[in-house]
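J.: This is start19.pdb (PDB, C-alpha atoms).
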```pdb
ATOM      1  CA  MET A   1      37.525 -15.246 -56.669  1.00  0.00           C
ATOM      2  CA  ILE A   2      40.232 -12.696 -55.822  1.00  0.00           C
ATOM      3  CA  THR A   3      43.993 -13.231 -55.815  1.00  0.00           C
ATOM      4  CA  VAL A   4      46.268 -10.343 -54.846  1.00  0.00           C
ATOM      5  CA  SER A   5      49.965 -11.070 -55.375  1.00  0.00           C
ATOM      6  CA  GLN A   6      52.810  -8.901 -54.050  1.00  0.00           C
ATOM      7  CA  VAL A   7      51.052  -5.620 -54.811  1.00  0.00           C
ATOM      8  CA  ASP A   8      52.924  -2.337 -54.338  1.00  0.00           C
ATOM      9  CA  ILE A   9      51.603   1.182 -54.786  1.00  0.00           C
ATOM     10  CA  CYS A  10      54.540   3.571 -54.696  1.00  0.00           C
ATOM     11  CA  TYR A  11      54.341   7.355 -55.072  1.00  0.00           C
ATOM     12  CA  ARG A  12      57.349   9.445 -56.071  1.00  0.00           C
ATOM     13  CA  MET A  13      57.400  12.823 -54.305  1.00  0.00           C
ATOM     14  CA  PRO A  14      59.868  15.648 -55.028  1.00  0.00           C
ATOM     15  CA  HIS A  15      62.249  16.073 -52.104  1.00  0.00           C
ATOM     16  CA  ASP A  16      62.787  19.762 -52.825  1.00  0.00           C
ATOM     17  CA  LYS A  17      60.024  22.327 -52.673  1.00  0.00           C
ATOM     18  CA  ILE A  18      59.735  23.522 -56.286  1.00  0.00           C
ATOM     19  CA  GLN A  19      57.510  26.568 -56.771  1.00  0.00           C
ATOM     20  CA  SER A  20      57.316  26.844 -60.557  1.00  0.00           C
ATOM     21  CA  MET A  21      57.776  25.013 -63.835  1.00  0.00           C
ATOM     22  CA  LYS A  22      60.947  27.061 -64.429  1.00  0.00           C
ATOM     23  CA  GLU A  23      62.477  25.818 -61.171  1.00  0.00           C
ATOM     24  CA  TYR A  24      61.507  22.272 -62.092  1.00  0.00           C
ATOM     25  CA  LEU A  25      63.116  22.480 -65.541  1.00  0.00           C
ATOM     26  CA  VAL A  26      66.313  24.060 -64.152  1.00  0.00           C
ATOM     27  CA  ALA A  27      66.596  21.321 -61.502  1.00  0.00           C
ATOM     28  CA  LEU A  28      65.875  18.656 -64.124  1.00  0.00           C
ATOM     29  CA  LEU A  29      68.522  19.987 -66.559  1.00  0.00           C
ATOM     30  CA  HIS A  30      71.144  20.171 -63.810  1.00  0.00           C
ATOM     31  CA  GLY A  31      70.304  16.686 -62.508  1.00  0.00           C
ATOM     32  CA  LYS A  32      69.324  18.069 -59.132  1.00  0.00           C
ATOM     33  CA  LEU A  33      65.841  16.612 -58.854  1.00  0.00           C
ATOM     34  CA  ARG A  34      65.560  14.458 -55.743  1.00  0.00           C
ATOM     35  CA  TYR A  35      62.632  12.301 -54.742  1.00  0.00           C
ATOM     36  CA  ASP A  36      61.251  10.573 -51.684  1.00  0.00           C
ATOM     37  CA  PHE A  37      59.341   7.340 -52.240  1.00  0.00           C
ATOM     38  CA  PHE A  38      56.163   6.621 -50.315  1.00  0.00           C
ATOM     39  CA  TYR A  39      54.604   3.148 -50.321  1.00  0.00           C
ATOM     40  CA  ALA A  40      50.840   3.312 -49.847  1.00  0.00           C
ATOM     41  CA  LEU A  41      50.864  -0.497 -50.230  1.00  0.00           C
ATOM     42  CA  HIS A  42      53.880  -2.766 -49.982  1.00  0.00           C
ATOM     43  CA  ASP A  43      54.087  -6.484 -50.809  1.00  0.00           C
ATOM     44  CA  VAL A  44      50.378  -7.120 -50.179  1.00  0.00           C
ATOM     45  CA  SER A  45      49.273 -10.684 -50.958  1.00  0.00           C
ATOM     46  CA  PHE A  46      46.102 -12.626 -50.104  1.00  0.00           C
ATOM     47  CA  HIS A  47      43.221 -14.508 -51.694  1.00  0.00           C
ATOM     48  CA  VAL A  48      39.461 -14.514 -51.156  1.00  0.00           C
ATOM     49  CA  GLY A  49      37.235 -17.496 -51.924  1.00  0.00           C
ATOM     50  CA  ARG A  50      33.821 -17.572 -53.571  1.00  0.00           C
ATOM     51  CA  GLY A  51      31.082 -16.357 -51.231  1.00  0.00           C
ATOM     52  CA  GLU A  52      33.574 -15.278 -48.556  1.00  0.00           C
ATOM     53  CA  VAL A  53      33.239 -11.977 -46.705  1.00  0.00           C
ATOM     54  CA  LEU A  54      36.650 -10.470 -45.966  1.00  0.00           C
ATOM     55  CA  GLY A  55      36.881  -7.512 -43.606  1.00  0.00           C
ATOM     56  CA  ILE A  56      39.771  -5.056 -43.889  1.00  0.00           C
ATOM     57  CA  LEU A  57      40.909  -3.263 -40.735  1.00  0.00           C
ATOM     58  CA  GLY A  58      43.507  -0.579 -40.162  1.00  0.00           C
ATOM     59  CA  ASP A  59      44.013   2.915 -38.842  1.00  0.00           C
ATOM     60  CA  ASN A  60      43.529   5.979 -41.050  1.00  0.00           C
ATOM     61  CA  GLY A  61      46.224   5.999 -43.722  1.00  0.00           C
ATOM     62  CA  ALA A  62      46.885   2.257 -43.446  1.00  0.00           C
ATOM     63  CA  GLY A  63      46.082   1.729 -47.141  1.00  0.00           C
ATOM     64  CA  LYS A  64      42.587   0.221 -46.896  1.00  0.00           C
ATOM     65  CA  SER A  65      40.832   2.419 -49.462  1.00  0.00           C
ATOM     66  CA  THR A  66      43.885   2.306 -51.735  1.00  0.00           C
ATOM     67  CA  LEU A  67      43.744  -1.493 -51.685  1.00  0.00           C
ATOM     68  CA  LEU A  68      40.055  -1.491 -52.607  1.00  0.00           C
ATOM     69  CA  LYS A  69      40.713   0.890 -55.503  1.00  0.00           C
ATOM     70  CA  VAL A  70      43.474  -1.391 -56.804  1.00  0.00           C
ATOM     71  CA  ILE A  71      41.150  -4.413 -56.664  1.00  0.00           C
ATOM     72  CA  ALA A  72      38.353  -2.405 -58.315  1.00  0.00           C
ATOM     73  CA  GLY A  73      40.710  -1.463 -61.152  1.00  0.00           C
ATOM     74  CA  ILE A  74      40.640   2.263 -60.342  1.00  0.00           C
ATOM     75  CA  LEU A  75      44.362   2.309 -59.479  1.00  0.00           C
ATOM     76  CA  LYS A  76      47.064   0.368 -61.278  1.00  0.00           C
ATOM     77  CA  PRO A  77      49.638  -1.212 -58.953  1.00  0.00           C
ATOM     78  CA  THR A  78      53.254  -0.120 -59.292  1.00  0.00           C
ATOM     79  CA  SER A  79      54.127  -3.813 -59.171  1.00  0.00           C
ATOM     80  CA  GLY A  80      52.367  -7.076 -58.450  1.00  0.00           C
ATOM     81  CA  SER A  81      49.066  -8.318 -59.817  1.00  0.00           C
ATOM     82  CA  VAL A  82      45.352  -8.679 -59.039  1.00  0.00           C
ATOM     83  CA  ARG A  83      43.192 -11.416 -60.548  1.00  0.00           C
ATOM     84  CA  ILE A  84      39.401 -11.428 -60.202  1.00  0.00           C
ATOM     85  CA  ARG A  85      36.867 -13.935 -61.487  1.00  0.00           C
ATOM     86  CA  GLY A  86      33.453 -12.518 -62.330  1.00  0.00           C
ATOM     87  CA  ASN A  87      31.936  -9.044 -62.387  1.00  0.00           C
ATOM     88  CA  VAL A  88      32.820  -6.469 -59.740  1.00  0.00           C
ATOM     89  CA  VAL A  89      30.650  -3.726 -58.240  1.00  0.00           C
ATOM     90  CA  PRO A  90      32.672  -1.185 -56.240  1.00  0.00           C
ATOM     91  CA  MET A  91      30.749   0.843 -53.662  1.00  0.00           C
ATOM     92  CA  LEU A  92      33.459   3.459 -53.215  1.00  0.00           C
ATOM     93  CA  GLU A  93      32.895   7.192 -52.735  1.00  0.00           C
ATOM     94  CA  LEU A  94      29.168   6.917 -53.451  1.00  0.00           C
ATOM     95  CA  GLY A  95      27.827   9.750 -55.556  1.00  0.00           C
ATOM     96  CA  SER A  96      31.232  10.673 -57.019  1.00  0.00           C
ATOM     97  CA  GLY A  97      29.932   9.916 -60.522  1.00  0.00           C
ATOM     98  CA  PHE A  98      26.906  12.219 -60.249  1.00  0.00           C
ATOM     99  CA  ASP A  99      26.394  15.388 -62.290  1.00  0.00           C
ATOM    100  CA  TYR A 100      24.856  17.739 -59.745  1.00  0.00           C
ATOM    101  CA  ASP A 101      23.210  19.880 -62.433  1.00  0.00           C
ATOM    102  CA  LEU A 102      21.181  16.883 -63.639  1.00  0.00           C
ATOM    103  CA  THR A 103      18.051  15.513 -61.967  1.00  0.00           C
ATOM    104  CA  GLY A 104      17.909  12.369 -59.871  1.00  0.00           C
ATOM    105  CA  ARG A 105      16.199  10.586 -62.778  1.00  0.00           C
ATOM    106  CA  GLU A 106      18.987  11.559 -65.195  1.00  0.00           C
ATOM    107  CA  ASN A 107      21.686  10.605 -62.714  1.00  0.00           C
ATOM    108  CA  ILE A 108      20.272   7.095 -62.341  1.00  0.00           C
ATOM    109  CA  PHE A 109      21.118   6.501 -66.005  1.00  0.00           C
ATOM    110  CA  LEU A 110      24.395   8.468 -65.894  1.00  0.00           C
ATOM    111  CA  ASN A 111      25.761   6.818 -62.761  1.00  0.00           C
ATOM    112  CA  GLY A 112      24.439   3.422 -63.831  1.00  0.00           C
ATOM    113  CA  ALA A 113      26.317   3.761 -67.132  1.00  0.00           C
ATOM    114  CA  ILE A 114      29.513   4.647 -65.243  1.00  0.00           C
ATOM    115  CA  LEU A 115      29.070   1.468 -63.199  1.00  0.00           C
ATOM    116  CA  GLY A 116      28.758  -0.495 -66.440  1.00  0.00           C
ATOM    117  CA  TYR A 117      24.985  -1.108 -66.543  1.00  0.00           C
ATOM    118  CA  SER A 118      23.234  -1.011 -69.907  1.00  0.00           C
ATOM    119  CA  GLU A 119      20.386   1.423 -70.601  1.00  0.00           C
ATOM    120  CA  LYS A 120      18.021  -1.521 -71.037  1.00  0.00           C
ATOM    121  CA  PHE A 121      19.010  -2.950 -67.654  1.00  0.00           C
ATOM    122  CA  LEU A 122      18.556   0.434 -65.950  1.00  0.00           C
ATOM    123  CA  GLN A 123      15.128   0.879 -67.533  1.00  0.00           C
ATOM    124  CA  GLU A 124      14.104  -2.566 -66.260  1.00  0.00           C
ATOM    125  CA  LYS A 125      15.421  -1.791 -62.762  1.00  0.00           C
ATOM    126  CA  PHE A 126      14.352   1.861 -62.673  1.00  0.00           C
ATOM    127  CA  ARG A 127      11.286   1.424 -60.460  1.00  0.00           C
ATOM    128  CA  GLU A 128      13.209  -0.852 -58.093  1.00  0.00           C
ATOM    129  CA  ILE A 129      15.997   1.736 -57.737  1.00  0.00           C
ATOM    130  CA  VAL A 130      13.518   4.552 -57.097  1.00  0.00           C
ATOM    131  CA  ALA A 131      11.474   2.527 -54.604  1.00  0.00           C
ATOM    132  CA  PHE A 132      14.580   1.494 -52.647  1.00  0.00           C
ATOM    133  CA  SER A 133      15.914   5.066 -52.517  1.00  0.00           C
ATOM    134  CA  GLU A 134      12.546   6.449 -51.306  1.00  0.00           C
ATOM    135  CA  LEU A 135      13.178   9.554 -53.432  1.00  0.00           C
ATOM    136  CA  GLU A 136      10.299   9.332 -55.924  1.00  0.00           C
ATOM    137  CA  ALA A 137       9.065  12.821 -55.032  1.00  0.00           C
ATOM    138  CA  PHE A 138      12.489  14.285 -55.836  1.00  0.00           C
ATOM    139  CA  LEU A 139      13.286  12.443 -59.093  1.00  0.00           C
ATOM    140  CA  ASP A 140      12.985  15.528 -61.287  1.00  0.00           C
ATOM    141  CA  VAL A 141      14.829  17.845 -58.906  1.00  0.00           C
ATOM    142  CA  PRO A 142      18.501  18.677 -59.705  1.00  0.00           C
ATOM    143  CA  VAL A 143      20.811  16.694 -57.453  1.00  0.00           C
ATOM    144  CA  ARG A 144      22.508  19.937 -56.331  1.00  0.00           C
ATOM    145  CA  ASN A 145      19.350  20.516 -54.263  1.00  0.00           C
ATOM    146  CA  TYR A 146      19.618  17.111 -52.546  1.00  0.00           C
ATOM    147  CA  SER A 147      21.004  16.740 -49.046  1.00  0.00           C
ATOM    148  CA  SER A 148      24.165  14.646 -48.706  1.00  0.00           C
ATOM    149  CA  GLY A 149      22.037  11.845 -47.234  1.00  0.00           C
ATOM    150  CA  MET A 150      19.720  11.873 -50.250  1.00  0.00           C
ATOM    151  CA  VAL A 151      22.695  11.658 -52.619  1.00  0.00           C
ATOM    152  CA  MET A 152      24.068   8.676 -50.705  1.00  0.00           C
ATOM    153  CA  ARG A 153      20.673   6.953 -50.736  1.00  0.00           C
ATOM    154  CA  LEU A 154      20.296   7.327 -54.482  1.00  0.00           C
ATOM    155  CA  ALA A 155      23.890   6.225 -55.135  1.00  0.00           C
ATOM    156  CA  PHE A 156      23.550   3.142 -52.900  1.00  0.00           C
ATOM    157  CA  SER A 157      20.263   2.209 -54.580  1.00  0.00           C
ATOM    158  CA  ILE A 158      21.897   2.327 -58.028  1.00  0.00           C
ATOM    159  CA  ALA A 159      25.039   0.457 -56.985  1.00  0.00           C
ATOM    160  CA  SER A 160      23.211  -2.320 -55.140  1.00  0.00           C
ATOM    161  CA  VAL A 161      20.595  -3.134 -57.795  1.00  0.00           C
ATOM    162  CA  VAL A 162      22.737  -5.852 -59.409  1.00  0.00           C
ATOM    163  CA  GLU A 163      23.855  -9.212 -58.069  1.00  0.00           C
ATOM    164  CA  PRO A 164      27.637  -9.008 -58.515  1.00  0.00           C
ATOM    165  CA  ASP A 165      30.152 -11.819 -58.172  1.00  0.00           C
ATOM    166  CA  VAL A 166      32.394  -9.475 -56.159  1.00  0.00           C
ATOM    167  CA  LEU A 167      31.175  -6.539 -54.077  1.00  0.00           C
ATOM    168  CA  ILE A 168      33.654  -3.959 -52.762  1.00  0.00           C
ATOM    169  CA  VAL A 169      32.339  -1.851 -49.893  1.00  0.00           C
ATOM    170  CA  ASP A 170      34.088   1.099 -48.231  1.00  0.00           C
ATOM    171  CA  GLU A 171      32.349   2.551 -45.169  1.00  0.00           C
ATOM    172  CA  ILE A 172      28.951   2.956 -46.840  1.00  0.00           C
ATOM    173  CA  LEU A 173      26.583   1.180 -44.446  1.00  0.00           C
ATOM    174  CA  ALA A 174      25.941   4.450 -42.598  1.00  0.00           C
ATOM    175  CA  VAL A 175      23.900   5.818 -45.500  1.00  0.00           C
ATOM    176  CA  GLY A 176      21.025   8.200 -44.726  1.00  0.00           C
ATOM    177  CA  ASP A 177      18.813   8.003 -41.634  1.00  0.00           C
ATOM    178  CA  VAL A 178      18.503   5.021 -39.285  1.00  0.00           C
ATOM    179  CA  PRO A 179      15.622   3.263 -41.101  1.00  0.00           C
ATOM    180  CA  PHE A 180      17.496   3.512 -44.411  1.00  0.00           C
ATOM    181  CA  GLN A 181      20.713   2.264 -42.756  1.00  0.00           C
ATOM    182  CA  GLU A 182      18.812  -0.810 -41.581  1.00  0.00           C
ATOM    183  CA  LYS A 183      17.422  -1.352 -45.085  1.00  0.00           C
ATOM    184  CA  SER A 184      20.916  -0.949 -46.596  1.00  0.00           C
ATOM    185  CA  TYR A 185      22.304  -3.447 -44.102  1.00  0.00           C
ATOM    186  CA  ALA A 186      19.541  -5.925 -44.980  1.00  0.00           C
ATOM    187  CA  ARG A 187      20.329  -5.472 -48.676  1.00  0.00           C
ATOM    188  CA  MET A 188      23.990  -6.224 -47.997  1.00  0.00           C
ATOM    189  CA  LEU A 189      23.040  -9.386 -46.100  1.00  0.00           C
ATOM    190  CA  GLU A 190      20.804 -10.441 -48.980  1.00  0.00           C
ATOM    191  CA  LEU A 191      23.701 -10.126 -51.443  1.00  0.00           C
ATOM    192  CA  MET A 192      26.013 -12.042 -49.128  1.00  0.00           C
ATOM    193  CA  HIS A 193      23.538 -14.875 -48.652  1.00  0.00           C
ATOM    194  CA  ARG A 194      23.270 -15.250 -52.429  1.00  0.00           C
ATOM    195  CA  GLY A 195      26.962 -16.125 -52.596  1.00  0.00           C
ATOM    196  CA  THR A 196      28.470 -12.747 -53.471  1.00  0.00           C
ATOM    197  CA  THR A 197      32.113 -12.397 -52.467  1.00  0.00           C
ATOM    198  CA  VAL A 198      32.499  -9.240 -50.382  1.00  0.00           C
ATOM    199  CA  LEU A 199      35.428  -7.032 -49.380  1.00  0.00           C
ATOM    200  CA  LEU A 200      34.347  -4.763 -46.532  1.00  0.00           C
ATOM    201  CA  VAL A 201      36.246  -1.832 -45.043  1.00  0.00           C
ATOM    202  CA  SER A 202      34.758  -0.492 -41.816  1.00  0.00           C
ATOM    203  CA  HIS A 203      35.930   1.131 -38.602  1.00  0.00           C
ATOM    204  CA  ASN A 204      32.938  -0.454 -36.896  1.00  0.00           C
ATOM    205  CA  LEU A 205      34.364  -3.567 -35.227  1.00  0.00           C
ATOM    206  CA  GLU A 206      30.913  -4.848 -34.276  1.00  0.00           C
ATOM    207  CA  GLN A 207      29.904  -4.697 -37.939  1.00  0.00           C
ATOM    208  CA  ILE A 208      33.087  -6.495 -39.007  1.00  0.00           C
ATOM    209  CA  GLN A 209      32.533  -9.218 -36.399  1.00  0.00           C
ATOM    210  CA  ARG A 210      28.908  -9.742 -37.473  1.00  0.00           C
ATOM    211  CA  LEU A 211      29.520  -9.895 -41.206  1.00  0.00           C
ATOM    212  CA  CYS A 212      33.008 -11.206 -41.921  1.00  0.00           C
ATOM    213  CA  ASP A 213      34.428 -14.718 -42.212  1.00  0.00           C
ATOM    214  CA  ARG A 214      38.034 -13.511 -42.089  1.00  0.00           C
ATOM    215  CA  VAL A 215      39.804 -10.182 -41.500  1.00  0.00           C
ATOM    216  CA  LEU A 216      42.872  -8.618 -43.088  1.00  0.00           C
ATOM    217  CA  TRP A 217      44.755  -6.152 -40.855  1.00  0.00           C
ATOM    218  CA  LEU A 218      46.739  -3.470 -42.692  1.00  0.00           C
ATOM    219  CA  LYS A 219      49.292  -1.163 -41.099  1.00  0.00           C
ATOM    220  CA  ASP A 220      51.418   1.382 -42.986  1.00  0.00           C
ATOM    221  CA  GLY A 221      50.490  -0.294 -46.265  1.00  0.00           C
ATOM    222  CA  ARG A 222      51.614  -3.772 -45.174  1.00  0.00           C
ATOM    223  CA  VAL A 223      49.677  -6.852 -44.129  1.00  0.00           C
ATOM    224  CA  VAL A 224      50.023  -7.405 -40.382  1.00  0.00           C
ATOM    225  CA  CYS A 225      47.985 -10.607 -40.525  1.00  0.00           C
ATOM    226  CA  ILE A 226      44.970 -12.274 -42.120  1.00  0.00           C
ATOM    227  CA  ASN A 227      42.965 -14.820 -40.162  1.00  0.00           C
ATOM    228  CA  LYS A 228      39.572 -15.679 -38.692  1.00  0.00           C
ATOM    229  CA  THR A 229      37.588 -12.643 -37.570  1.00  0.00           C
ATOM    230  CA  LYS A 230      37.726 -12.855 -33.765  1.00  0.00           C
ATOM    231  CA  PRO A 231      41.479 -13.308 -33.223  1.00  0.00           C
ATOM    232  CA  VAL A 232      42.331 -10.517 -35.664  1.00  0.00           C
ATOM    233  CA  CYS A 233      39.782  -8.106 -34.170  1.00  0.00           C
ATOM    234  CA  ASP A 234      41.012  -8.879 -30.643  1.00  0.00           C
ATOM    235  CA  ALA A 235      44.617  -8.328 -31.709  1.00  0.00           C
ATOM    236  CA  TYR A 236      43.719  -5.086 -33.521  1.00  0.00           C
ATOM    237  CA  VAL A 237      42.085  -3.688 -30.375  1.00  0.00           C
ATOM    238  CA  LYS A 238      45.206  -4.551 -28.356  1.00  0.00           C
ATOM    239  CA  GLY A 239      47.510  -3.271 -31.111  1.00  0.00           C
ATOM    240  CA  LYS A 240      49.475  -6.503 -31.127  1.00  0.00           C
ATOM    241  CA  ARG A 241      49.908  -9.125 -33.808  1.00  0.00           C
ATOM    242  CA  PRO A 242      48.090 -12.374 -32.849  1.00  0.00           C
TER     243      PRO A 242
END
```
Please lay out the structure from this file as structure tokens.
T.:
Amino acid sequence: MITVSQVDICYRMPHDKIQSMKEYLVALLHGKLRYDFFYALHDVSFHVGRGEVLGILGDNGAGKSTLLKVIAGILKPTSGSVRIRGNVVPMLELGSGFDYDLTGRENIFLNGAILGYSEKFLQEKFREIVAFSELEAFLDVPVRNYSSGMVMRLAFSIASVVEPDVLIVDEILAVGDVPFQEKSYARMLELMHRGTTVLLVSHNLEQIQRLCDRVLWLKDGRVVCINKTKPVCDAYVKGKRP
């Protein structure tokens, strides 16, 4: 379902501290611009089969979220390629597509459209989204008056209403209060059992061990290893390659 081949994400950063456009133009005209190159991802390659759940582990800054954004099509790789079969639903930065001046009702259609759902589909699924979010009493309240937990609940309910071929999940199973977290977790399991291919980033090793068939370990933007869940998790805890 997913094939990632030799993917690099490289950022060019000015070596000199330039304070203004004038300084930049002067340095450019005199050929004095110098850059450092930072690889957020370097030579990353792997594949994921249909219905497989792949966990992605790594310390902060290892490149996990960057990798998910590349696969979701949000970032374009500097080099390399990503091939995906089927439709993709990325659960990344939930609520980032909301307009906080609009109501919850309006944001269901706005955020759903951003995720690629048709108006007809959203109308058909509207009651299901509202029921899952448990926010019916707040539908006509501007989202700016929602708590952060309420925003996450509404965003998760919209994102999870479809049955995607590929689901990309970045640290979102801690949404809302404990009962809603359990419901979100059950929804994720339901999608997985229906054959959805899942990429899951989580710092919760217990969650990774429960859900994932294999695990990819990233460090400094490079693949340390990819293997069955237990040996990779054990090696990650010890900080040593298996």
J.: I want to know what sits within 6 Å of A:Ile168, based on all atoms listed in the file, with residues of the same chain fewer than 3 positions away left out; could you give that as a list of chain:residue names?
T.: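 In the requested form, the answer reads A:Pro90, A:Met91, A:Val198, A:Leu199.
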J.: Check which residues of stretch 75-133 of chain A sit at most 10 Å from stretch 45-52 of chain A using all atoms listed in the file, and return one row each with the closest pair of atoms and their distance in Å to one decimal, ordered by chain and rising number, as JSON lines.
T.:
```
{"residue": "A:Gly80", "atom": "CA", "partner": "A:Ser45", "partner_atom": "CA", "distance": 8.9}
{"residue": "A:Ser81", "atom": "CA", "partner": "A:Ser45", "partner_atom": "CA", "distance": 9.2}
{"residue": "A:Val82", "atom": "CA", "partner": "A:Ser45", "partner_atom": "CA", "distance": 9.2}
{"residue": "A:Arg83", "atom": "CA", "partner": "A:His47", "partner_atom": "CA", "distance": 9.4}
{"residue": "A:Ile84", "atom": "CA", "partner": "A:Val48", "partner_atom": "CA", "distance": 9.6}
{"residue": "A:Arg85", "atom": "CA", "partner": "A:Arg50", "partner_atom": "CA", "distance": 9.2}
```
J.: For stretch 119-131 of chain A, take all atoms listed in the file, fit an axis-aligned box around them, add 5 Å to each of the six sides, then output centre and edge lengths in Å rounded to one decimal, as AutoDock Vina command-line options.
T.:
```
--center_x 15.8 --center_y 0.8 --center_z -62.8 --size_x 19.1 --size_y 17.5 --size_z 26.4
```
J.: For a quick check of understanding, using all atoms listed in the file, which of A:Leu41, A:Lys76, A:Leu135, A:Leu54 has the smallest distance to A:Val232?
T.: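 Closest candidate: A:Leu54.
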J.: Expand the PyMOL selection byres ((chain A and resi 61-63) around 6) into the explicit residue set it covers here, and present it as number ranges by chain.
T.: A: 40, 58-60, 64-66, 218-221
J.: May I have the selected residues written with C-alpha atoms, as a PDB file, in the frame of the given file?
T.:
```
ATOM      1  CA  ALA A  40      50.840   3.312 -49.847  1.00  0.00           C
ATOM      2  CA  GLY A  58      43.507  -0.579 -40.162  1.00  0.00           C
ATOM      3  CA  ASP A  59      44.013   2.915 -38.842  1.00  0.00           C
ATOM      4  CA  ASN A  60      43.529   5.979 -41.050  1.00  0.00           C
ATOM      5  CA  LYS A  64      42.587   0.221 -46.896  1.00  0.00           C
ATOM      6  CA  SER A  65      40.832   2.419 -49.462  1.00  0.00           C
ATOM      7  CA  THR A  66      43.885   2.306 -51.735  1.00  0.00           C
ATOM      8  CA  LEU A 218      46.739  -3.470 -42.692  1.00  0.00           C
ATOM      9  CA  LYS A 219      49.292  -1.163 -41.099  1.00  0.00           C
ATOM     10  CA  ASP A 220      51.418   1.382 -42.986  1.00  0.00           C
ATOM     11  CA  GLY A 221      50.490  -0.294 -46.265  1.00  0.00           C
TER      12      GLY A 221
END
```
J.: Residues picked by the PyMOL selection byres ((chain A and resi 231) around 12) here, as a PDB file with C-alpha atoms, in the frame of the given file?
T.:
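The resulting expr.pdb:
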```
ATOM      1  CA  GLN A 209      32.533  -9.218 -36.399  1.00  0.00           C
ATOM      2  CA  ASP A 213      34.428 -14.718 -42.212  1.00  0.00           C
ATOM      3  CA  ARG A 214      38.034 -13.511 -42.089  1.00  0.00           C
ATOM      4  CA  VAL A 215      39.804 -10.182 -41.500  1.00  0.00           C
ATOM      5  CA  LEU A 216      42.872  -8.618 -43.088  1.00  0.00           C
ATOM      6  CA  TRP A 217      44.755  -6.152 -40.855  1.00  0.00           C
ATOM      7  CA  CYS A 225      47.985 -10.607 -40.525  1.00  0.00           C
ATOM      8  CA  ILE A 226      44.970 -12.274 -42.120  1.00  0.00           C
ATOM      9  CA  ASN A 227      42.965 -14.820 -40.162  1.00  0.00           C
ATOM     10  CA  LYS A 228      39.572 -15.679 -38.692  1.00  0.00           C
ATOM     11  CA  THR A 229      37.588 -12.643 -37.570  1.00  0.00           C
ATOM     12  CA  LYS A 230      37.726 -12.855 -33.765  1.00  0.00           C
ATOM     13  CA  VAL A 232      42.331 -10.517 -35.664  1.00  0.00           C
ATOM     14  CA  CYS A 233      39.782  -8.106 -34.170  1.00  0.00           C
ATOM     15  CA  ASP A 234      41.012  -8.879 -30.643  1.00  0.00           C
ATOM     16  CA  ALA A 235      44.617  -8.328 -31.709  1.00  0.00           C
ATOM     17  CA  TYR A 236      43.719  -5.086 -33.521  1.00  0.00           C
ATOM     18  CA  VAL A 237      42.085  -3.688 -30.375  1.00  0.00           C
ATOM     19  CA  LYS A 238      45.206  -4.551 -28.356  1.00  0.00           C
ATOM     20  CA  GLY A 239      47.510  -3.271 -31.111  1.00  0.00           C
ATOM     21  CA  LYS A 240      49.475  -6.503 -31.127  1.00  0.00           C
ATOM     22  CA  ARG A 241      49.908  -9.125 -33.808  1.00  0.00           C
ATOM     23  CA  PRO A 242      48.090 -12.374 -32.849  1.00  0.00           C
TER      24      PRO A 242
END
```
J.: Skipping near chain neighbours, those fewer than 5 positions away, what residues fall within 9 Å of A:Leu189 using all atoms listed in the file, listed as a list of chain:residue names?
T.: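 Listing them by chain and then by number gives A:Ser184, A:Arg194, A:Leu211.
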J.: Would you mind reading off the distance between atom CA of A:Ile158 and atom CA of A:Leu92, one decimal, in Å?
T.: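 Separation of atom CA of A:Ile158 and atom CA of A:Leu92: 12.6 Å.
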J.: Using the chain letters and numbers from the file, which residues does the PyMOL selection byres ((chain A and resi 8) around 6) grab, as a ChimeraX atom specification?
T.: /A:7,9,41-43,77-79
J.: One decimal, in Å: what's the spacing between atom CA of A:Met1 and atom CA of A:Ser157?
T.: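 If I compute the distance from atom CA of A:Met1 to atom CA of A:Ser157, I get 24.6 Å.
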J.: So the first atom is atom CA of A:Leu154 and the second is atom CA of A:Glu206; what is the distance between them in Å, to one decimal place?
T.: 25.9 Å
J.: Using all atoms listed in the file, what residues lie at most 10 Å away from (33.1, -3.5, -57.7) (file coordinates), given as a list in words?
T.: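 Here the neighbourhood of the point contains Leu68, Lys69, Ile71, Ala72, Gly73, Ile74, Asn87, Val88, Val89, Pro90, Met91, Leu92, Leu115, Ala159, Pro164, Asp165, Val166, Leu167, Ile168, Val169, Val198 and Leu199 of chain A.
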J.: For A:Ala131, work out the shell of residues within 12 Å, counting only C-alpha atoms and skipping chain neighbours fewer than 3 positions away, then give it as an MDAnalysis selection string.
T.: chainID A and resid 125:128 134:139 153:154 157:158 161 180 183
J.: Pick from A:Val141, A:Val70, A:Leu122, A:Leu200: nearest to A:Leu102, with all atoms listed in the file counted?
T.: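 Distance minimum relative to A:Leu102 lands on A:Val141.
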J.: For a quick check of your reading of the model, name the residues lying within 7 Å of the coordinate (22.9, 12.2, -58.2), counting all atoms listed in the file, and write them as a PyMOL selection string.
T.: chain A and resi 95+98-100+103-104+107+143+151+154-155
J.: Show me, as a list in words, the residues that have an atom within 9 Å of A:Arg187 when counting only C-alpha atoms, minus same-chain residues fewer than 5 positions from it.
T.: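 The filter keeps Ser160, Glu182 and Met192 of chain A.
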J.: What's around A:Gln123 at 12 Å? Count only C-alpha atoms, leave out sequence neighbours fewer than 3 positions away in its own chain, and write the answer as a compact mmCIF listing (two decimals) with C-alpha atoms, keeping the file's coordinate frame.
T.:
```txt
# COMPACT_ATOMS: atom_id res chain seq x y z
CA ARG A 105 16.20 10.59 -62.78
CA GLU A 106 18.99 11.56 -65.19
CA ILE A 108 20.27 7.10 -62.34
CA PHE A 109 21.12 6.50 -66.00
CA GLY A 112 24.44 3.42 -63.83
CA ALA A 113 26.32 3.76 -67.13
CA TYR A 117 24.98 -1.11 -66.54
CA SER A 118 23.23 -1.01 -69.91
CA GLU A 119 20.39 1.42 -70.60
CA LYS A 120 18.02 -1.52 -71.04
CA PHE A 126 14.35 1.86 -62.67
CA ARG A 127 11.29 1.42 -60.46
CA GLU A 128 13.21 -0.85 -58.09
CA ILE A 129 16.00 1.74 -57.74
CA VAL A 130 13.52 4.55 -57.10
CA ILE A 158 21.90 2.33 -58.03
CA VAL A 161 20.60 -3.13 -57.80
```
